[in-house]
$ cat protein-v6.cif   # mmCIF, C-alpha atoms
data_target
loop_
_atom_site.group_PDB
_atom_site.id
_atom_site.type_symbol
_atom_site.label_atom_id
_atom_site.label_comp_id
_atom_site.auth_asym_id
_atom_site.auth_seq_id
_atom_site.Cartn_x
_atom_site.Cartn_y
_atom_site.Cartn_z
ATOM 1 C CA MET A 967 0.000 0.000 0.000
ATOM 2 C CA ASN A 968 1.291 3.435 -0.887
ATOM 3 C CA ASP A 969 -0.775 5.928 1.088
ATOM 4 C CA GLU A 970 0.821 8.976 -0.541
ATOM 5 C CA ASN A 971 -0.681 8.104 -3.880
ATOM 6 C CA ALA A 972 -4.012 6.952 -2.519
ATOM 7 C CA THR A 973 -7.064 8.700 -3.922
ATOM 8 C CA PRO A 974 -8.732 10.760 -1.175
ATOM 9 C CA ALA A 975 -11.823 9.014 0.106
ATOM 10 C CA ALA A 976 -14.973 10.393 -1.482
ATOM 11 C CA GLU A 977 -17.135 12.408 0.903
ATOM 12 C CA THR A 978 -20.152 10.431 1.961
ATOM 13 C CA LEU A 979 -23.619 11.951 1.925
ATOM 14 C CA GLU A 980 -23.599 11.642 5.722
ATOM 15 C CA GLU A 981 -20.413 13.735 5.908
ATOM 16 C CA PHE A 982 -21.826 16.249 3.439
ATOM 17 C CA LYS A 983 -25.020 16.718 5.486
ATOM 18 C CA ASN A 984 -23.077 16.996 8.731
ATOM 19 C CA SER A 985 -20.706 19.599 7.299
ATOM 20 C CA PHE A 986 -23.523 22.214 7.472
ATOM 21 C CA SER A 987 -23.786 21.727 11.232
ATOM 22 C CA TYR A 988 -20.627 23.372 12.604
ATOM 23 C CA GLY A 989 -18.470 21.659 9.983
ATOM 24 C CA SER A 990 -16.624 22.820 6.892
ATOM 25 C CA ARG A 991 -19.830 24.243 5.358
ATOM 26 C CA SER A 992 -21.320 25.497 8.623
ATOM 27 C CA ASP A 993 -24.568 27.373 7.995
ATOM 28 C CA LEU A 994 -26.884 27.796 10.955
ATOM 29 C CA THR A 995 -29.956 28.216 8.743
ATOM 30 C CA PHE A 996 -29.282 24.807 7.217
ATOM 31 C CA LYS A 997 -27.709 22.873 10.104
ATOM 32 C CA PHE A 998 -30.955 20.873 10.227
ATOM 33 C CA LEU A 999 -29.665 18.906 7.214
ATOM 34 C CA LYS A 1000 -27.702 16.804 9.681
ATOM 35 C CA SER A 1001 -30.981 15.459 11.092
ATOM 36 C CA LEU A 1002 -32.493 14.423 7.741
ATOM 37 C CA THR A 1003 -32.147 10.896 6.422
ATOM 38 C CA ASP A 1004 -30.081 10.547 3.255
ATOM 39 C CA ASP A 1005 -33.269 10.069 1.241
ATOM 40 C CA ASP A 1006 -34.886 13.145 2.743
ATOM 41 C CA ALA A 1007 -31.757 15.237 2.203
ATOM 42 C CA GLY A 1008 -31.763 14.173 -1.443
ATOM 43 C CA GLU A 1009 -35.417 15.093 -1.734
ATOM 44 C CA PHE A 1010 -34.776 18.480 -0.100
ATOM 45 C CA PHE A 1011 -32.059 19.358 -2.628
ATOM 46 C CA ARG A 1012 -34.171 18.081 -5.535
ATOM 47 C CA GLN A 1013 -37.115 20.264 -4.507
ATOM 48 C CA LEU A 1014 -34.867 23.234 -3.761
ATOM 49 C CA LEU A 1015 -33.176 23.125 -7.152
ATOM 50 C CA TRP A 1016 -36.520 22.618 -8.895
ATOM 51 C CA GLN A 1017 -37.925 25.716 -7.209
ATOM 52 C CA VAL A 1018 -34.794 27.707 -8.026
ATOM 53 C CA GLY A 1019 -35.278 26.748 -11.670
ATOM 54 C CA HIS A 1020 -38.914 27.804 -11.477
ATOM 55 C CA SER A 1021 -37.993 31.155 -9.956
ATOM 56 C CA LEU A 1022 -35.734 31.908 -12.926
ATOM 57 C CA ASP A 1023 -38.910 32.102 -14.990
ATOM 58 C CA ASP A 1024 -41.456 33.679 -12.674
ATOM 59 C CA GLY A 1025 -39.099 35.591 -10.350
ATOM 60 C CA ASP A 1026 -41.042 34.454 -7.300
ATOM 61 C CA ILE A 1027 -38.727 33.230 -4.553
ATOM 62 C CA SER A 1028 -41.408 32.831 -1.879
ATOM 63 C CA PRO A 1029 -41.838 29.094 -2.753
ATOM 64 C CA ILE A 1030 -38.134 28.670 -1.965
ATOM 65 C CA HIS A 1031 -38.630 30.317 1.419
ATOM 66 C CA GLN A 1032 -41.627 28.088 2.057
ATOM 67 C CA LEU A 1033 -39.604 25.011 1.120
ATOM 68 C CA VAL A 1034 -36.782 25.936 3.510
ATOM 69 C CA PHE A 1035 -39.330 26.607 6.262
ATOM 70 C CA GLU A 1036 -41.016 23.244 5.714
ATOM 71 C CA TRP A 1037 -37.796 21.225 5.654
ATOM 72 C CA GLN A 1038 -36.441 23.065 8.662
ATOM 73 C CA ARG A 1039 -39.579 21.953 10.486
ATOM 74 C CA ARG A 1040 -38.965 18.359 9.422
ATOM 75 C CA GLY A 1041 -35.303 18.573 10.428
ATOM 76 C CA TYR A 1042 -36.152 19.621 13.990
ATOM 77 C CA GLU A 1043 -39.047 17.198 14.447
ATOM 78 C CA GLY A 1044 -37.081 14.983 16.834
ATOM 79 C CA SER A 1045 -35.429 17.733 18.875
ATOM 80 C CA GLY A 1046 -36.215 18.391 22.526
ATOM 81 C CA ARG A 1047 -38.590 15.457 22.925
ATOM 82 C CA ASN A 1048 -36.582 14.181 25.904
ATOM 83 C CA HIS A 1049 -37.725 17.226 27.902
ATOM 84 C CA ALA A 1050 -41.321 16.078 28.325
ATOM 85 C CA TYR A 1051 -43.380 17.018 31.387
ATOM 86 C CA ASP A 1052 -46.771 15.843 32.649
ATOM 87 C CA ASP A 1053 -47.820 18.919 34.600
ATOM 88 C CA ALA A 1054 -48.690 22.260 33.021
ATOM 89 C CA PRO A 1055 -47.927 25.153 35.390
ATOM 90 C CA PHE A 1056 -50.365 28.042 35.098
ATOM 91 C CA THR A 1057 -50.723 31.356 36.907
ATOM 92 C CA PRO A 1058 -53.793 33.423 35.946
ATOM 93 C CA LEU A 1059 -53.265 37.116 35.239
ATOM 94 C CA ALA A 1060 -53.852 39.352 38.265
ATOM 95 C CA LYS A 1061 -54.914 42.287 36.057
ATOM 96 C CA PRO A 1062 -55.376 43.107 32.379
ATOM 97 C CA VAL A 1063 -52.266 43.392 30.178
ATOM 98 C CA ALA A 1064 -53.200 47.049 29.612
ATOM 99 C CA GLU A 1065 -52.501 47.638 33.303
ATOM 100 C CA SER A 1066 -49.561 45.253 33.641
ATOM 101 C CA ARG A 1067 -45.844 45.846 33.900
ATOM 102 C CA VAL A 1068 -44.346 43.638 31.195
ATOM 103 C CA GLY A 1069 -40.927 42.029 31.556
ATOM 104 C CA VAL A 1070 -39.054 40.617 28.577
ATOM 105 C CA LEU A 1071 -36.514 37.804 28.409
ATOM 106 C CA THR A 1072 -35.072 36.501 25.144
ATOM 107 C CA SER A 1073 -32.586 33.739 24.382
ATOM 108 C CA SER A 1074 -31.179 35.738 21.471
ATOM 109 C CA GLY A 1075 -27.774 36.456 22.999
ATOM 110 C CA HIS A 1076 -28.159 40.258 23.122
ATOM 111 C CA PHE A 1077 -26.134 42.396 25.524
ATOM 112 C CA ALA A 1078 -25.251 46.046 26.024
ATOM 113 C CA GLU A 1079 -21.973 47.502 24.801
ATOM 114 C CA GLY A 1080 -19.593 47.598 27.772
ATOM 115 C CA ASP A 1081 -21.432 44.767 29.535
ATOM 116 C CA ASP A 1082 -20.166 41.723 27.643
ATOM 117 C CA PRO A 1083 -21.138 38.502 29.466
ATOM 118 C CA LYS A 1084 -17.630 37.252 28.517
ATOM 119 C CA PRO A 1085 -18.264 33.571 27.838
ATOM 120 C CA PHE A 1086 -15.315 31.491 29.139
ATOM 121 C CA GLY A 1087 -13.676 34.776 30.160
ATOM 122 C CA VAL A 1088 -13.408 35.999 26.558
ATOM 123 C CA GLU A 1089 -14.431 39.614 25.998
ATOM 124 C CA ASN A 1090 -15.569 40.652 22.505
ATOM 125 C CA MET A 1091 -15.827 37.026 21.391
ATOM 126 C CA THR A 1092 -16.711 37.021 17.704
ATOM 127 C CA GLN A 1093 -19.784 35.309 16.306
ATOM 128 C CA ALA A 1094 -17.442 32.918 14.470
ATOM 129 C CA GLU A 1095 -15.725 31.908 17.717
ATOM 130 C CA ALA A 1096 -19.101 31.461 19.447
ATOM 131 C CA GLU A 1097 -20.077 29.046 16.659
ATOM 132 C CA GLU A 1098 -16.768 27.177 16.900
ATOM 133 C CA ARG A 1099 -17.205 26.813 20.681
ATOM 134 C CA ILE A 1100 -20.869 25.748 20.601
ATOM 135 C CA GLY A 1101 -20.031 22.484 22.348
ATOM 136 C CA GLU A 1102 -18.603 24.385 25.311
ATOM 137 C CA PHE A 1103 -21.663 26.669 25.469
ATOM 138 C CA LEU A 1104 -23.871 23.580 25.643
ATOM 139 C CA ARG A 1105 -22.011 22.420 28.761
ATOM 140 C CA ASP A 1106 -21.866 25.806 30.510
ATOM 141 C CA THR A 1107 -24.088 27.952 32.750
ATOM 142 C CA PRO A 1108 -25.746 30.837 30.842
ATOM 143 C CA GLU A 1109 -25.135 34.464 31.782
ATOM 144 C CA PHE A 1110 -28.073 36.802 32.072
ATOM 145 C CA SER A 1111 -27.592 40.225 30.409
ATOM 146 C CA ALA A 1112 -29.604 43.238 31.561
ATOM 147 C CA ILE A 1113 -30.335 45.701 28.765
ATOM 148 C CA PRO A 1114 -31.791 49.104 29.756
ATOM 149 C CA THR A 1115 -34.671 50.101 27.497
ATOM 150 C CA ASP A 1116 -33.130 53.552 26.983
ATOM 151 C CA LEU A 1117 -29.909 52.048 25.597
ATOM 152 C CA GLU A 1118 -28.655 53.766 22.445
ATOM 153 C CA PRO A 1119 -29.657 51.401 19.606
ATOM 154 C CA THR A 1120 -26.061 51.387 18.362
ATOM 155 C CA ASP A 1121 -24.928 50.055 21.768
ATOM 156 C CA LEU A 1122 -26.868 46.785 21.481
ATOM 157 C CA ARG A 1123 -24.711 43.765 20.641
ATOM 158 C CA VAL A 1124 -25.658 40.227 19.700
ATOM 159 C CA ARG A 1125 -23.621 37.008 19.681
ATOM 160 C CA HIS A 1126 -25.003 33.488 19.706
ATOM 161 C CA GLY A 1127 -23.393 30.355 18.343
ATOM 162 C CA GLY A 1128 -26.698 28.539 17.884
ATOM 163 C CA TYR A 1129 -28.543 30.457 15.186
ATOM 164 C CA ASP A 1130 -28.022 32.625 12.118
ATOM 165 C CA VAL A 1131 -27.720 36.138 13.602
ATOM 166 C CA ARG A 1132 -27.796 37.996 10.269
ATOM 167 C CA SER A 1133 -31.461 38.933 10.603
ATOM 168 C CA VAL A 1134 -31.279 40.208 14.212
ATOM 169 C CA SER A 1135 -28.069 42.044 13.336
ATOM 170 C CA HIS A 1136 -30.003 44.043 10.744
ATOM 171 C CA ASP A 1137 -33.026 44.606 12.980
ATOM 172 C CA ARG A 1138 -33.065 43.821 16.702
ATOM 173 C CA GLU A 1139 -36.888 43.732 16.691
ATOM 174 C CA VAL A 1140 -36.735 40.365 14.874
ATOM 175 C CA ALA A 1141 -36.054 38.818 18.304
ATOM 176 C CA PHE A 1142 -35.683 41.699 20.769
ATOM 177 C CA PRO A 1143 -38.923 43.714 20.537
ATOM 178 C CA LEU A 1144 -37.918 46.881 22.355
ATOM 179 C CA SER A 1145 -39.360 49.497 19.981
ATOM 180 C CA ILE A 1146 -42.512 47.457 19.413
ATOM 181 C CA LEU A 1147 -43.230 47.231 23.131
ATOM 182 C CA GLN A 1148 -42.444 50.915 23.613
ATOM 183 C CA SER A 1149 -44.993 51.694 20.930
ATOM 184 C CA LEU A 1150 -47.538 49.311 22.499
ATOM 185 C CA GLU A 1151 -46.935 51.068 25.816
ATOM 186 C CA ALA A 1152 -47.523 54.475 24.190
ATOM 187 C CA ASP A 1153 -50.757 53.122 22.685
ATOM 188 C CA GLY A 1154 -51.958 51.788 26.047
ATOM 189 C CA VAL A 1155 -51.924 48.128 24.943
ATOM 190 C CA ILE A 1156 -49.574 47.298 27.821
ATOM 191 C CA GLY A 1157 -49.398 49.152 31.114
ATOM 192 C CA GLU A 1158 -45.646 49.570 31.182
ATOM 193 C CA LEU A 1159 -42.495 48.040 29.689
ATOM 194 C CA SER A 1160 -40.151 47.001 32.501
ATOM 195 C CA SER A 1161 -36.531 48.137 32.215
ATOM 196 C CA PRO A 1162 -34.107 46.488 31.874
ATOM 197 C CA MET A 1163 -35.034 43.793 29.386
ATOM 198 C CA TYR A 1164 -33.003 40.591 29.642
ATOM 199 C CA SER A 1165 -31.287 38.214 27.257
ATOM 200 C CA PHE A 1166 -29.108 35.121 27.420
ATOM 201 C CA THR A 1167 -27.552 32.625 25.037
ATOM 202 C CA GLY A 1168 -30.099 29.840 24.870
ATOM 203 C CA ALA A 1169 -27.561 27.256 23.682
ATOM 204 C CA THR A 1170 -26.597 26.147 27.166
ATOM 205 C CA SER A 1171 -26.559 23.273 29.659
ATOM 206 C CA GLN A 1172 -30.177 22.535 30.603
ATOM 207 C CA GLY A 1173 -29.179 21.218 34.033
ATOM 208 C CA ARG A 1174 -27.046 24.254 34.870
ATOM 209 C CA LEU A 1175 -29.687 26.583 33.464
ATOM 210 C CA ARG A 1176 -32.340 25.105 35.731
ATOM 211 C CA LYS A 1177 -30.307 24.695 38.900
ATOM 212 C CA GLN A 1178 -27.798 27.540 38.782
ATOM 213 C CA ALA A 1179 -29.279 30.259 36.591
ATOM 214 C CA ILE A 1180 -33.076 30.364 36.626
ATOM 215 C CA PRO A 1181 -33.612 30.699 40.409
ATOM 216 C CA GLY A 1182 -31.600 33.941 40.426
ATOM 217 C CA TRP A 1183 -33.390 35.196 37.323
ATOM 218 C CA VAL A 1184 -36.783 34.649 38.966
ATOM 219 C CA GLU A 1185 -35.601 36.592 42.022
ATOM 220 C CA GLN A 1186 -34.283 39.417 39.832
ATOM 221 C CA LEU A 1187 -37.493 39.797 37.840
ATOM 222 C CA GLN A 1188 -39.605 39.568 40.989
ATOM 223 C CA SER A 1189 -37.597 42.484 42.397
ATOM 224 C CA ASP A 1190 -38.219 44.338 39.107
ATOM 225 C CA ALA A 1191 -41.913 44.027 40.086
ATOM 226 C CA ILE A 1192 -43.036 42.677 36.724
ATOM 227 C CA ASP A 1193 -46.620 41.417 36.436
ATOM 228 C CA VAL A 1194 -46.149 39.267 33.327
ATOM 229 C CA LEU A 1195 -43.214 37.979 31.279
ATOM 230 C CA LEU A 1196 -42.840 37.818 27.484
ATOM 231 C CA LEU A 1197 -40.364 35.159 26.349
ATOM 232 C CA VAL A 1198 -38.726 35.015 22.925
ATOM 233 C CA PRO A 1199 -36.556 31.984 22.118
ATOM 234 C CA VAL A 1200 -34.481 32.107 18.940
ATOM 235 C CA MET B 1170 -31.932 23.916 22.362
ATOM 236 C CA CYS B 1171 -32.915 27.569 22.696
ATOM 237 C CA HIS B 1172 -36.568 26.650 22.711
ATOM 238 C CA VAL B 1173 -36.052 24.012 25.413
ATOM 239 C CA SER B 1174 -34.078 26.571 27.456
ATOM 240 C CA VAL B 1175 -36.860 29.121 27.223
ATOM 241 C CA GLY B 1176 -39.353 26.364 27.974
ATOM 242 C CA HIS B 1177 -37.604 25.749 31.274
ATOM 243 C CA VAL B 1178 -37.613 29.491 31.983
ATOM 244 C CA ALA B 1179 -41.358 29.696 31.233
ATOM 245 C CA ARG B 1180 -42.203 26.766 33.503
ATOM 246 C CA ALA B 1181 -40.096 28.183 36.359
ATOM 247 C CA PHE B 1182 -41.565 31.697 36.215
ATOM 248 C CA GLU B 1183 -45.097 30.380 35.918
ATOM 249 C CA SER B 1184 -44.531 28.118 38.938
ATOM 250 C CA ALA B 1185 -43.167 31.141 40.827
ATOM 251 C CA GLY B 1186 -46.424 33.026 40.194
ATOM 252 C CA ILE B 1187 -45.482 35.156 37.178
ATOM 253 C CA PRO B 1188 -47.670 34.547 34.098
ATOM 254 C CA THR B 1189 -45.657 34.032 30.902
ATOM 255 C CA VAL B 1190 -46.213 33.844 27.161
ATOM 256 C CA SER B 1191 -43.624 32.452 24.729
ATOM 257 C CA VAL B 1192 -43.326 33.044 20.978
ATOM 258 C CA PHE B 1193 -42.063 29.917 19.190
ATOM 259 C CA VAL B 1194 -41.334 29.326 15.520
ATOM 260 C CA ARG B 1195 -43.268 26.461 13.954
ATOM 261 C CA ALA B 1196 -40.273 24.086 13.830
ATOM 262 C CA PHE B 1197 -40.374 23.858 17.632
ATOM 263 C CA LYS B 1198 -44.140 23.660 18.214
ATOM 264 C CA HIS B 1199 -43.712 20.089 19.458
ATOM 265 C CA VAL B 1200 -41.272 21.351 22.128
ATOM 266 C CA ALA B 1201 -43.955 23.678 23.536
ATOM 267 C CA GLU B 1202 -46.356 20.738 23.520
ATOM 268 C CA VAL B 1203 -44.150 18.090 25.161
ATOM 269 C CA MET B 1204 -42.884 20.608 27.749
ATOM 270 C CA ARG B 1205 -46.498 21.643 28.412
ATOM 271 C CA LEU B 1206 -45.603 25.313 28.479
ATOM 272 C CA PRO B 1207 -48.141 27.732 29.941
ATOM 273 C CA ARG B 1208 -48.974 29.796 26.830
ATOM 274 C CA THR B 1209 -47.226 29.541 23.481
ATOM 275 C CA LEU B 1210 -47.841 31.487 20.280
ATOM 276 C CA ILE B 1211 -46.525 29.742 17.162
ATOM 277 C CA THR B 1212 -45.380 31.708 14.089
ATOM 278 C CA GLN B 1213 -44.823 30.313 10.591
ATOM 279 C CA HIS B 1214 -41.347 31.846 10.527
ATOM 280 C CA PRO B 1215 -37.949 30.254 9.937
ATOM 281 C CA MET B 1216 -35.566 29.665 12.810
ATOM 282 C CA GLY B 1217 -33.633 32.773 13.852
ATOM 283 C CA ARG B 1218 -36.434 35.135 12.817
ATOM 284 C CA PRO B 1219 -39.150 34.546 15.426
ATOM 285 C CA LEU B 1220 -41.121 37.800 15.295
ATOM 286 C CA GLY B 1221 -40.954 38.488 11.563
ATOM 287 C CA ALA B 1222 -38.472 39.513 8.897
ATOM 288 C CA SER B 1223 -35.996 42.288 9.388
ATOM 289 C CA GLY B 1224 -37.801 45.572 8.833
ATOM 290 C CA ASP B 1225 -41.282 44.025 8.754
ATOM 291 C CA ARG B 1226 -42.613 46.114 11.641
ATOM 292 C CA ASP B 1227 -46.260 45.317 10.841
ATOM 293 C CA ARG B 1228 -45.728 41.568 11.186
ATOM 294 C CA GLN B 1229 -43.518 41.928 14.268
ATOM 295 C CA ARG B 1230 -46.104 44.108 15.970
ATOM 296 C CA ARG B 1231 -48.928 41.748 15.087
ATOM 297 C CA VAL B 1232 -47.005 38.809 16.550
ATOM 298 C CA ILE B 1233 -46.342 40.642 19.827
ATOM 299 C CA SER B 1234 -49.952 41.871 20.026
ATOM 300 C CA SER B 1235 -51.184 38.311 19.450
ATOM 301 C CA ALA B 1236 -48.866 37.026 22.168
ATOM 302 C CA LEU B 1237 -50.251 39.611 24.595
ATOM 303 C CA GLU B 1238 -53.818 38.608 23.689
ATOM 304 C CA LEU B 1239 -52.921 34.991 24.363
ATOM 305 C CA LEU B 1240 -51.445 36.015 27.704
ATOM 306 C CA GLU B 1241 -54.764 37.544 28.655
ATOM 307 C CA ASN B 1242 -57.104 34.964 27.150
ATOM 308 C CA ALA B 1243 -55.523 31.526 27.694
ATOM 309 C CA PRO B 1244 -57.944 29.547 29.893
ATOM 310 C CA SER B 1245 -55.386 27.113 31.317
ATOM 311 C CA GLY B 1246 -51.820 25.871 31.002
ATOM 312 C CA ALA B 1247 -50.456 24.088 27.925
ATOM 313 C CA THR B 1248 -52.319 26.458 25.608
ATOM 314 C CA VAL B 1249 -50.794 26.603 22.130
ATOM 315 C CA VAL B 1250 -52.129 29.043 19.536
ATOM 316 C CA GLU B 1251 -50.845 29.135 15.984
ATOM 317 C CA LEU B 1252 -50.713 32.232 13.765
ATOM 318 C CA ASP B 1253 -51.196 31.145 10.182
ATOM 319 C CA GLU B 1254 -49.688 34.048 8.205
ATOM 320 C CA PRO B 1255 -46.890 32.570 6.069
ATOM 321 C CA TRP B 1256 -43.368 33.940 6.134
ATOM 322 C CA ARG B 1257 -42.741 37.017 4.062
ATOM 323 C CA ALA B 1258 -39.346 38.502 3.289
ATOM 324 C CA GLY B 1259 -38.011 41.710 4.773
ATOM 325 C CA ASN B 1260 -36.244 44.630 3.219
ATOM 326 C CA VAL B 1261 -32.555 44.332 3.993
ATOM 327 C CA ALA B 1262 -29.810 45.415 1.609
ATOM 328 C CA ARG B 1263 -27.218 42.690 1.222
#
$ encode --input "protein-v6.cif" --output "structure tokens"
Amino acid sequence: MNDENATPAAETLEEFKNSFSYGSRSDLTFKFLKSLTDDDAGEFFRQLLWQVGHSLDDGDISPIHQLVFEWQRRGYEGSGRNHAYDDAPFTPLAKPVAESRVGVLTSSGHFAEGDDPKPFGVENMTQAEAEERIGEFLRDTPEFSAIPTDLEPTDLRVRHGGYDVRSVSHDREVAFPLSILQSLEADGVIGELSSPMYSFTGATSQGRLRKQAIPGWVEQLQSDAIDVLLLVPV
Amino acid sequence: MCHVSVGHVARAFESAGIPTVSVFVRAFKHVAEVMRLPRTLITQHPMGRPLGASGDRDRQRRVISSALELLENAPSGATVVELDEPWRAGNVAR
């Protein structure tokens, strides 16, 4: 055997699919490909290319968006099913939303300039590094970032290794609805928007989140005197 | 995992006496169901864009308003309501 002259092994379909999930072709909008069977992945690409061809003629790309949406749904069908519960906690509202102080917590990974949660002690970690270190995030305790509602819009930062942040980078309201809630407050739809709003990186250890993080977050938001809480996962 | 994380947050706050509503994208509707979250609004949006496309203030506002209505109107826990407006693109320059 002469390994130096050996033909490189052809990439398998399995390896190709996996490469979109934190591999050589990492793309957080398409990391779901890893979860599709080979047959389904083939069918996804067939339909995608067919729709691309169609759009060359009619210019309509919304069927492509719909296709991606539908296959993303299929890709995530099996996720999170090991976190099943029997009971359904429920607290009735004490007063109408129009009289309530509304707290907000998102898992979008937003934070204020100058208040970097410094994952693993790293300040100004790039989005690329957050994606490379996703495995470490999934074993760690999440940090809770407080974001004052009067923060200069240009001082809001976002970093999250678990999802495609392009959209929220263009427009925070995609996942961090500060202006929308301020406008709903002005219109009397909500009583008051509580400041600060809060955010964390939702790609995290579930055990550490539950035991080490959430109890303190509940205490913090109770001391903020919120009446209700709006949650936005990303 | 983000949706599971927020699911745990929702269950904890609700159990501590603070009513919650969560906005989930359709791909994770089953997570809201198996975790039996208090109140969940489902949007037909792709992952990473839960409230609507960048710049689509009308859609984003409608999603938040619908979530607030659900907060007020849900009769019991494990209430899941689905908005059926399909995804529409935003207006971002590349």
$ resolve_selection --input "protein-v6.cif" --expression "the PyMOL selection byres ((chain A and resi 998) around 12)" --output "ChimeraX atom specification"
/A:983-988,992-997,999-1003,1006-1007,1010,1034-1045,1128-1129 /B:1196,1215-1216
$ resolve_selection --input "protein-v6.cif" --expression "the PyMOL selection byres ((chain A and resi 1152-1165) around 7)" --output "JSON, numbers by chain"
{"A": [1063, 1064, 1065, 1066, 1067, 1068, 1069, 1070, 1071, 1072, 1073, 1074, 1075, 1076, 1077, 1110, 1111, 1112, 1113, 1114, 1115, 1147, 1148, 1149, 1150, 1151, 1166, 1192]}
$ residues_around --input "protein-v6.cif" --residues "segment 1177-1184 of chain B" --least-positions-apart "2" --cutoff "9 Å" --atoms "all atoms listed in the file" --output "NGL selection string"
(:A and (1054-1057 or 1172 or 1175-1176 or 1180-1181 or 1183-1184 or 1195 or 1197)) or (:B and (1172-1175 or 1186-1191 or 1204-1208))
$ write_last_selection --input "protein-v6.cif" --atoms "C-alpha atoms" --output "mmCIF file, in the coordinates of the input"
data_model
loop_
_atom_site.group_PDB
_atom_site.id
_atom_site.type_symbol
_atom_site.label_atom_id
_atom_site.label_comp_id
_atom_site.auth_asym_id
_atom_site.auth_seq_id
_atom_site.Cartn_x
_atom_site.Cartn_y
_atom_site.Cartn_z
ATOM 1 C CA ALA A 1054 -48.690 22.260 33.021
ATOM 2 C CA PRO A 1055 -47.927 25.153 35.390
ATOM 3 C CA PHE A 1056 -50.365 28.042 35.098
ATOM 4 C CA THR A 1057 -50.723 31.356 36.907
ATOM 5 C CA GLN A 1172 -30.177 22.535 30.603
ATOM 6 C CA LEU A 1175 -29.687 26.583 33.464
ATOM 7 C CA ARG A 1176 -32.340 25.105 35.731
ATOM 8 C CA ILE A 1180 -33.076 30.364 36.626
ATOM 9 C CA PRO A 1181 -33.612 30.699 40.409
ATOM 10 C CA TRP A 1183 -33.390 35.196 37.323
ATOM 11 C CA VAL A 1184 -36.783 34.649 38.966
ATOM 12 C CA LEU A 1195 -43.214 37.979 31.279
ATOM 13 C CA LEU A 1197 -40.364 35.159 26.349
ATOM 14 C CA HIS B 1172 -36.568 26.650 22.711
ATOM 15 C CA VAL B 1173 -36.052 24.012 25.413
ATOM 16 C CA SER B 1174 -34.078 26.571 27.456
ATOM 17 C CA VAL B 1175 -36.860 29.121 27.223
ATOM 18 C CA GLY B 1186 -46.424 33.026 40.194
ATOM 19 C CA ILE B 1187 -45.482 35.156 37.178
ATOM 20 C CA PRO B 1188 -47.670 34.547 34.098
ATOM 21 C CA THR B 1189 -45.657 34.032 30.902
ATOM 22 C CA VAL B 1190 -46.213 33.844 27.161
ATOM 23 C CA SER B 1191 -43.624 32.452 24.729
ATOM 24 C CA MET B 1204 -42.884 20.608 27.749
ATOM 25 C CA ARG B 1205 -46.498 21.643 28.412
ATOM 26 C CA LEU B 1206 -45.603 25.313 28.479
ATOM 27 C CA PRO B 1207 -48.141 27.732 29.941
ATOM 28 C CA ARG B 1208 -48.974 29.796 26.830
#
$ residues_around --input "protein-v6.cif" --residues "Ser1145 of chain A" --least-positions-apart "6" --cutoff "12 Å" --atoms "all atoms listed in the file" --output "list of chain:residue names"
A:Thr1115, A:Asp1116, A:Leu1117, A:Glu1118, A:Pro1119, A:Asp1137, A:Arg1138, A:Glu1139, A:Glu1151, A:Ala1152, A:Leu1159, A:Met1163, B:Gly1224, B:Arg1226, B:Gln1229, B:Arg1230, B:Ile1233
$ write_last_selection --input "protein-v6.cif" --atoms "C-alpha atoms" --output "PDB file, in the coordinates of the input"
ATOM      1  CA  THR A1115     -34.671  50.101  27.497  1.00  0.00           C
ATOM      2  CA  ASP A1116     -33.130  53.552  26.983  1.00  0.00           C
ATOM      3  CA  LEU A1117     -29.909  52.048  25.597  1.00  0.00           C
ATOM      4  CA  GLU A1118     -28.655  53.766  22.445  1.00  0.00           C
ATOM      5  CA  PRO A1119     -29.657  51.401  19.606  1.00  0.00           C
ATOM      6  CA  ASP A1137     -33.026  44.606  12.980  1.00  0.00           C
ATOM      7  CA  ARG A1138     -33.065  43.821  16.702  1.00  0.00           C
ATOM      8  CA  GLU A1139     -36.888  43.732  16.691  1.00  0.00           C
ATOM      9  CA  GLU A1151     -46.935  51.068  25.816  1.00  0.00           C
ATOM     10  CA  ALA A1152     -47.523  54.475  24.190  1.00  0.00           C
ATOM     11  CA  LEU A1159     -42.495  48.040  29.689  1.00  0.00           C
ATOM     12  CA  MET A1163     -35.034  43.793  29.386  1.00  0.00           C
TER      13      MET A1163
ATOM     14  CA  GLY B1224     -37.801  45.572   8.833  1.00  0.00           C
ATOM     15  CA  ARG B1226     -42.613  46.114  11.641  1.00  0.00           C
ATOM     16  CA  GLN B1229     -43.518  41.928  14.268  1.00  0.00           C
ATOM     17  CA  ARG B1230     -46.104  44.108  15.970  1.00  0.00           C
ATOM     18  CA  ILE B1233     -46.342  40.642  19.827  1.00  0.00           C
TER      19      ILE B1233
END
$ atom_distance --input "protein-v6.cif" --atom1 "atom CA of Pro1083 of chain A" --atom2 "atom CA of Glu1109 of chain A"
6.1 Å
$ atom_distance --input "protein-v6.cif" --atom1 "atom CA of Phe1193 of chain B" --atom2 "atom CA of Leu1220 of chain B"
8.8 Å
$ atom_distance --input "protein-v6.cif" --atom1 "atom CA of Ile1100 of chain A" --atom2 "atom CA of Ala1169 of chain A"
7.5 Å
$ closest_residue --input "protein-v6.cif" --among "A:Pro1058, A:Val1200, A:Asn1090, A:Thr1167" --to "Arg1195 of chain B" --atoms "only C-alpha atoms"
A:Val1200
$ axis_aligned_box --input "protein-v6.cif" --around "segment 1056-1068 of chain A" --padding-each-side "3 Å" --output "lines of an AutoDock Vina configuration file"
center_x = -49.9
center_y = 37.8
center_z = 33.9
size_x = 17.0
size_y = 25.6
size_z = 14.7
$ residues_around --input "protein-v6.cif" --residues "Asn1242 of chain B" --least-positions-apart "5" --cutoff "10 Å" --atoms "only C-alpha atoms" --output "PyMOL selection string"
(chain A and resi 1058-1059+1062) or (chain B and resi 1208+1236-1237+1248)
